[in-house]
Structures are given as structure tokens and as C-alpha cells.
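> Here you go, this is input_27.txt (compact mmCIF, C-alpha atoms).
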# COMPACT_ATOMS: atom_id res chain seq x y z
CA MET A 286 -9.86 23.45 -26.65
CA ASP A 287 -12.51 21.86 -24.46
CA ASP A 288 -11.51 20.82 -20.94
CA PRO A 289 -10.98 17.04 -21.23
CA THR A 290 -11.07 16.67 -17.44
CA GLU A 291 -14.77 17.63 -17.31
CA GLN A 292 -15.60 14.05 -18.24
CA SER A 293 -13.98 11.21 -16.36
CA GLN A 294 -14.77 7.53 -16.10
CA TRP A 295 -11.86 7.28 -13.66
CA ARG A 296 -12.69 10.06 -11.18
CA PRO A 297 -15.70 8.36 -9.50
CA LEU A 298 -13.51 5.38 -8.54
CA HIS A 299 -10.76 7.66 -7.22
CA ASP A 300 -13.30 9.72 -5.32
CA LEU A 301 -14.93 6.62 -3.81
CA LEU A 302 -11.60 5.21 -2.63
CA ALA A 303 -10.58 8.62 -1.25
CA ARG A 304 -13.86 8.86 0.73
CA MET A 305 -13.40 5.36 2.11
CA ASP A 306 -9.79 6.13 3.10
CA ALA A 307 -10.94 9.37 4.73
CA GLU A 308 -13.45 7.42 6.80
CA ILE A 309 -10.71 5.04 7.92
CA GLY A 310 -8.64 8.10 8.77
CA GLN A 311 -11.54 9.34 10.87
CA ILE A 312 -11.03 6.29 13.12
CA TYR A 313 -7.56 7.65 13.95
CA SER A 314 -8.82 11.21 14.39
CA ASP A 315 -11.53 9.96 16.74
CA ARG A 316 -8.71 8.57 18.90
CA GLN A 317 -6.57 11.74 18.62
CA ILE A 318 -3.80 9.90 16.74
CA LYS A 319 -1.80 12.51 14.86
CA GLY A 320 0.14 11.83 11.67
CA LEU A 321 -1.28 8.37 10.97
CA LYS A 322 -2.73 7.76 7.51
CA PRO A 323 -4.52 4.65 6.29
CA THR A 324 -1.83 4.25 3.64
CA TYR A 325 0.81 3.69 6.37
CA VAL A 326 -0.91 0.80 8.15
CA ARG A 327 0.32 -2.08 6.00
CA GLU A 328 3.94 -0.98 6.31
CA LEU A 329 3.66 -0.44 10.07
CA LEU A 330 2.13 -3.87 10.56
CA GLN A 331 4.83 -5.48 8.42
CA LEU A 332 7.53 -3.81 10.52
CA HIS A 333 5.81 -4.96 13.69
CA LEU A 334 5.49 -8.54 12.47
CA HIS A 335 8.92 -8.89 10.84
CA GLY A 336 11.07 -6.44 12.77
CA PRO A 337 13.34 -3.79 11.29
CA MET A 338 13.66 -3.97 7.51
CA THR A 339 15.56 -2.10 4.86
CA ILE A 340 13.49 0.06 2.56
CA THR A 341 14.14 -2.49 -0.19
CA GLU A 342 12.92 -5.37 1.99
CA LEU A 343 9.82 -3.44 3.01
CA ALA A 344 9.10 -2.47 -0.61
CA GLU A 345 9.37 -6.10 -1.67
CA ALA A 346 7.18 -7.26 1.22
CA ILE A 347 4.30 -5.04 0.14
CA GLY A 348 4.89 -5.02 -3.62
CA ARG A 349 5.92 -1.40 -4.11
CA THR A 350 8.94 0.29 -5.66
CA HIS A 351 11.94 1.34 -3.61
CA SER A 352 11.37 4.95 -4.65
CA ALA A 353 7.72 4.96 -3.54
CA LEU A 354 8.61 3.34 -0.21
CA SER A 355 11.49 5.70 0.37
CA GLN A 356 9.10 8.66 0.06
CA LYS A 357 6.53 6.99 2.30
CA VAL A 358 9.15 6.15 4.94
CA ALA A 359 10.23 9.80 4.93
CA ALA A 360 6.63 10.87 5.54
CA MET A 361 6.15 8.27 8.28
CA ARG A 362 9.41 9.41 9.87
CA SER A 363 8.16 13.01 9.85
CA ALA A 364 4.96 11.81 11.54
CA GLY A 365 7.03 10.12 14.25
CA LEU A 366 5.92 6.61 13.31
CA VAL A 367 9.25 5.16 12.16
CA ARG A 368 12.90 5.94 12.41
CA THR A 369 15.75 4.92 10.17
CA VAL A 370 19.10 3.65 11.33
CA PRO A 371 22.18 2.74 9.30
CA GLY A 372 22.00 -0.68 7.68
CA ALA A 373 24.65 -3.31 7.08
CA ASP A 374 26.41 -1.02 4.59
CA ALA A 375 26.55 2.73 4.10
CA ARG A 376 23.98 2.64 1.28
CA SER A 377 21.17 0.98 3.21
CA LYS A 378 18.92 2.11 6.03
CA ARG A 379 16.88 -0.06 8.33
CA VAL A 380 13.39 1.13 9.17
CA THR A 381 12.15 0.55 12.71
CA LEU A 382 9.00 1.40 14.60
CA THR A 383 9.05 4.21 17.12
CA ALA A 384 7.57 3.95 20.60
CA LYS A 385 4.55 5.89 19.27
CA SER A 386 3.81 3.35 16.55
CA LYS A 387 4.54 0.36 18.81
CA LYS A 388 1.67 1.56 21.00
CA LEU A 389 -0.62 1.65 17.95
CA VAL A 390 -0.02 -1.74 16.33
CA GLU A 391 -2.80 -3.56 18.19
CA LEU A 392 -5.29 -0.87 17.16
CA LEU A 393 -3.97 -0.98 13.58
CA ALA A 394 -4.39 -4.76 13.39
CA ALA A 395 -7.90 -4.47 14.85
CA GLU A 396 -8.79 -1.67 12.44
CA TRP A 397 -7.45 -3.74 9.50
CA ARG A 398 -9.66 -6.69 10.52
CA ALA A 399 -12.66 -4.42 11.10
CA THR A 400 -12.14 -2.81 7.68
CA GLU A 401 -12.02 -6.23 6.02
CA ALA A 402 -15.23 -7.21 7.84
CA ALA A 403 -16.89 -3.96 6.73
CA ILE A 404 -15.88 -4.61 3.12
CA THR A 405 -17.28 -8.14 3.32
CA GLU A 406 -20.52 -6.70 4.72
CA LEU A 407 -20.64 -4.04 2.01
CA GLU A 408 -20.02 -6.59 -0.73
CA ALA A 409 -22.95 -8.68 0.53
CA GLU A 410 -25.19 -5.69 -0.25
CA LEU A 411 -23.93 -5.34 -3.82
CA PRO A 412 -25.15 -7.25 -6.86
CA TYR A 413 -21.56 -7.47 -8.13
CA PRO A 414 -18.81 -7.53 -5.46
CA MET A 415 -15.95 -5.06 -5.70
CA THR A 416 -13.41 -7.87 -5.31
CA GLN A 417 -14.91 -9.56 -8.39
CA VAL A 418 -14.63 -6.29 -10.31
CA VAL A 419 -10.93 -6.13 -9.41
CA ARG A 420 -10.38 -9.74 -10.55
CA ASP A 421 -12.22 -9.08 -13.81
CA VAL A 422 -10.24 -5.89 -14.51
CA GLU A 423 -6.98 -7.70 -13.75
CA ALA A 424 -7.93 -10.49 -16.18
CA ALA A 425 -8.78 -7.95 -18.91
CA LEU A 426 -5.46 -6.17 -18.32
CA GLN A 427 -3.65 -9.49 -18.65
CA ARG A 428 -5.12 -9.75 -22.13
CA LYS A 429 -4.15 -6.16 -23.02
CA SER A 430 -2.31 -3.80 -20.66
CA PHE A 431 -3.66 -0.39 -19.70
CA HIS A 432 -0.53 1.16 -21.24
CA GLN A 433 -1.23 -0.60 -24.52
CA ARG A 434 -4.86 0.49 -24.49
CA ILE A 435 -3.94 4.15 -23.88
CA THR A 436 -1.18 4.05 -26.50
CA GLU A 437 -3.59 2.64 -29.09
CA HIS A 438 -6.00 5.51 -28.43
CA LEU A 439 -3.20 8.06 -28.67
CA GLU A 440 -1.91 6.59 -31.93
CA GLY A 441 -5.42 6.34 -33.35
CA GLY A 442 -6.16 9.92 -32.40
CA ALA A 443 -9.09 8.89 -30.22
CA GLU A 444 -10.36 11.51 -27.78
Could you show the structure in this file as C-alpha cells?

Amino acid sequence: MDDPTEQSQWRPLHDLLARMDAEIGQIYSDRQIKGLKPTYVRELLQLHLHGPMTITELAEAIGRTHSALSQKVAAMRSAGLVRTVPGADARSKRVTLTAKSKKLVELLAAEWRATEAAITELEAELPYPMTQVVRDVEAALQRKSFHQRITEHLEGGAE
């Protein structure tokens, strides 16, 4: 069998996003901030703006699953960025910012704005803006889901 992973239409996009995230992460490293990842910023800013939230509330606020947020909260807790306290009932936990992350929120908001400005600048250099690509892909997936497309190729025996 040939290695099907040698060819990938998908990998360049993943690699590009990973490089961009790594460069955002470099902003934190430059400031000797340990444990902070670019993927935590949205959640930390939401907690700062809205106060303590349950994992379910936080997941809904950012459009993720409870399971995904639970794992991310555990990682952020290990990094000393959040803590969890018992919620209104025994089954729920409220997520709160730690003193460490409270000191970072102004930088995180500034970095978010600077990142958005950098993306706007980058898009001005492109013949076809990334945000338009995303809108066009979303429209195509509304017509036929990615799952459906993959399933059709599997059922048709396409390689």
C-alpha cells in the first residue's frame, strides 16, 4: 500500500495556521509568560468580561462542546491560568481567572486587537482575502457537508 499521507491538500492549511499560532505564541514567550497558548485567549477574555462561568456556559459562549472545553479548562488550570470552584450543584464547576491571568488580560486584549489588525494588513496584500475564502467554503459546505463529501468518496471507492 502506498502512503496516502504523502499527498495532502489539507496539510498546507494546517501548517500555515500552526505557524501563525506559533508566532502569536512567540509574543508570550518574548514576555516570559509561561503556560499561555494562543488557543486560551478567547476563553480567558470571556471569563474576564463576563466573570466566572460554568464550563457549559463558557462552551456556549465560544461555540465549542462541553467535552472540548472541559479538556481545555484542565490544561489552563495546569498552566495556572484558571481555577475551578464548585458550582450551584455538585455536578457543575465554575471557572474563574487566577491572579496570574488577571494580570494578563490587558495584554491579551491588546494582542487580540493587534492580531486582527495584522490579519487585515495581510489580507490587503492578497488577491483573494482569507476571510472571503472562509465564507466561500462555509457556503459550499452549506450546500453539501464535508461529512457527506467524504462519505460519498468512501462509498464510491475514490482514493
> Would you mind listing what lies within 8 Å of Lys319 in chain A as JSON, numbers by chain, with only C-alpha atoms counted and same-chain residues fewer than 3 positions away left out?
{"A": [313, 314, 364]}
> Can those selected residues be exported to a file as a PDB file, keeping the file's coordinate frame so that it contains C-alpha atoms?

ATOM      1  CA  TYR A 313      -7.560   7.650  13.950  1.00  0.00           C
ATOM      2  CA  SER A 314      -8.820  11.210  14.390  1.00  0.00           C
ATOM      3  CA  ALA A 364       4.960  11.810  11.540  1.00  0.00           C
TER       4      ALA A 364
END
> Please provide the set of residues having any atom within 9 Å of range 384-399 of chain A, restricted to all atoms listed in the file, with same-chain residues fewer than 6 positions apart removed, written as an mmCIF file with C-alpha atoms, in the coordinates of the input.

data_model
loop_
_atom_site.group_PDB
_atom_site.id
_atom_site.type_symbol
_atom_site.label_atom_id
_atom_site.label_comp_id
_atom_site.auth_asym_id
_atom_site.auth_seq_id
_atom_site.Cartn_x
_atom_site.Cartn_y
_atom_site.Cartn_z
ATOM 1 C CA ILE A 309 -10.710 5.040 7.920
ATOM 2 C CA ILE A 312 -11.030 6.290 13.120
ATOM 3 C CA ILE A 318 -3.800 9.900 16.740
ATOM 4 C CA VAL A 326 -0.910 0.800 8.150
ATOM 5 C CA ARG A 327 0.320 -2.080 6.000
ATOM 6 C CA LEU A 329 3.660 -0.440 10.070
ATOM 7 C CA LEU A 330 2.130 -3.870 10.560
ATOM 8 C CA HIS A 333 5.810 -4.960 13.690
ATOM 9 C CA GLY A 365 7.030 10.120 14.250
ATOM 10 C CA LEU A 366 5.920 6.610 13.310
ATOM 11 C CA VAL A 367 9.250 5.160 12.160
#
> Write out as an mmCIF file with C-alpha atoms, in the coordinates of the input each polymer residue whose atoms come within 12 Å of range 344-354 of chain A, counting only C-alpha atoms; drop sequence neighbours fewer than 5 positions from it.

data_model
loop_
_atom_site.group_PDB
_atom_site.id
_atom_site.type_symbol
_atom_site.label_atom_id
_atom_site.label_comp_id
_atom_site.auth_asym_id
_atom_site.auth_seq_id
_atom_site.Cartn_x
_atom_site.Cartn_y
_atom_site.Cartn_z
ATOM 1 C CA THR A 324 -1.830 4.250 3.640
ATOM 2 C CA TYR A 325 0.810 3.690 6.370
ATOM 3 C CA VAL A 326 -0.910 0.800 8.150
ATOM 4 C CA ARG A 327 0.320 -2.080 6.000
ATOM 5 C CA GLU A 328 3.940 -0.980 6.310
ATOM 6 C CA LEU A 329 3.660 -0.440 10.070
ATOM 7 C CA LEU A 330 2.130 -3.870 10.560
ATOM 8 C CA GLN A 331 4.830 -5.480 8.420
ATOM 9 C CA LEU A 332 7.530 -3.810 10.520
ATOM 10 C CA LEU A 334 5.490 -8.540 12.470
ATOM 11 C CA HIS A 335 8.920 -8.890 10.840
ATOM 12 C CA MET A 338 13.660 -3.970 7.510
ATOM 13 C CA THR A 339 15.560 -2.100 4.860
ATOM 14 C CA ALA A 359 10.230 9.800 4.930
ATOM 15 C CA ALA A 360 6.630 10.870 5.540
ATOM 16 C CA MET A 361 6.150 8.270 8.280
ATOM 17 C CA ARG A 362 9.410 9.410 9.870
ATOM 18 C CA SER A 377 21.170 0.980 3.210
ATOM 19 C CA LYS A 378 18.920 2.110 6.030
ATOM 20 C CA VAL A 380 13.390 1.130 9.170
#
> May I ask for the distance between CA of Phe431 in chain A and CA of Leu302 in chain A, given in Å to one decimal place?
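Separation of CA of Phe431 in chain A and CA of Leu302 in chain A: 19.6 Å.
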> Do you have the CA of Lys322 in chain A-CA of Val358 in chain A distance handy?
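Spanning CA of Lys322 in chain A to CA of Val358 in chain A is a straight-line distance of 12.3 Å.
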> In Å, with one decimal, what is the gap from CA of Ile340 in chain A to CA of Ser355 in chain A?
6.4 Å
> Report as a Markdown table: every residue of range 325-437 of chain A with an atom at most 12 Å from range 291-298 of chain A, its closest pair of atoms, and their distance in Å to one decimal, counting all atoms listed in the file, with rows sorted by chain and ascending residue number.

| residue | atom | partner | partner_atom | distance |
| --- | --- | --- | --- | --- |
| A:Met415 | CA | A:Leu298 | CA | 11.1 |
| A:Val418 | CA | A:Leu298 | CA | 11.9 |
| A:Val419 | CA | A:Leu298 | CA | 11.8 |
> Would you compute an axis-aligned box for range 291-294 of chain A, covering every atom listed for it in the file with 5 Å of margin on each side, and report centre and edge lengths in Å to one decimal as lines of an AutoDock Vina configuration file?

center_x = -14.8
center_y = 12.6
center_z = -17.2
size_x = 11.6
size_y = 20.1
size_z = 12.1
> My list of candidates is A:Leu382, A:Met305, A:Gly441, A:Glu423. Which is closest to Ile404 in chain A when distances are computed with all atoms listed in the file?
A:Met305
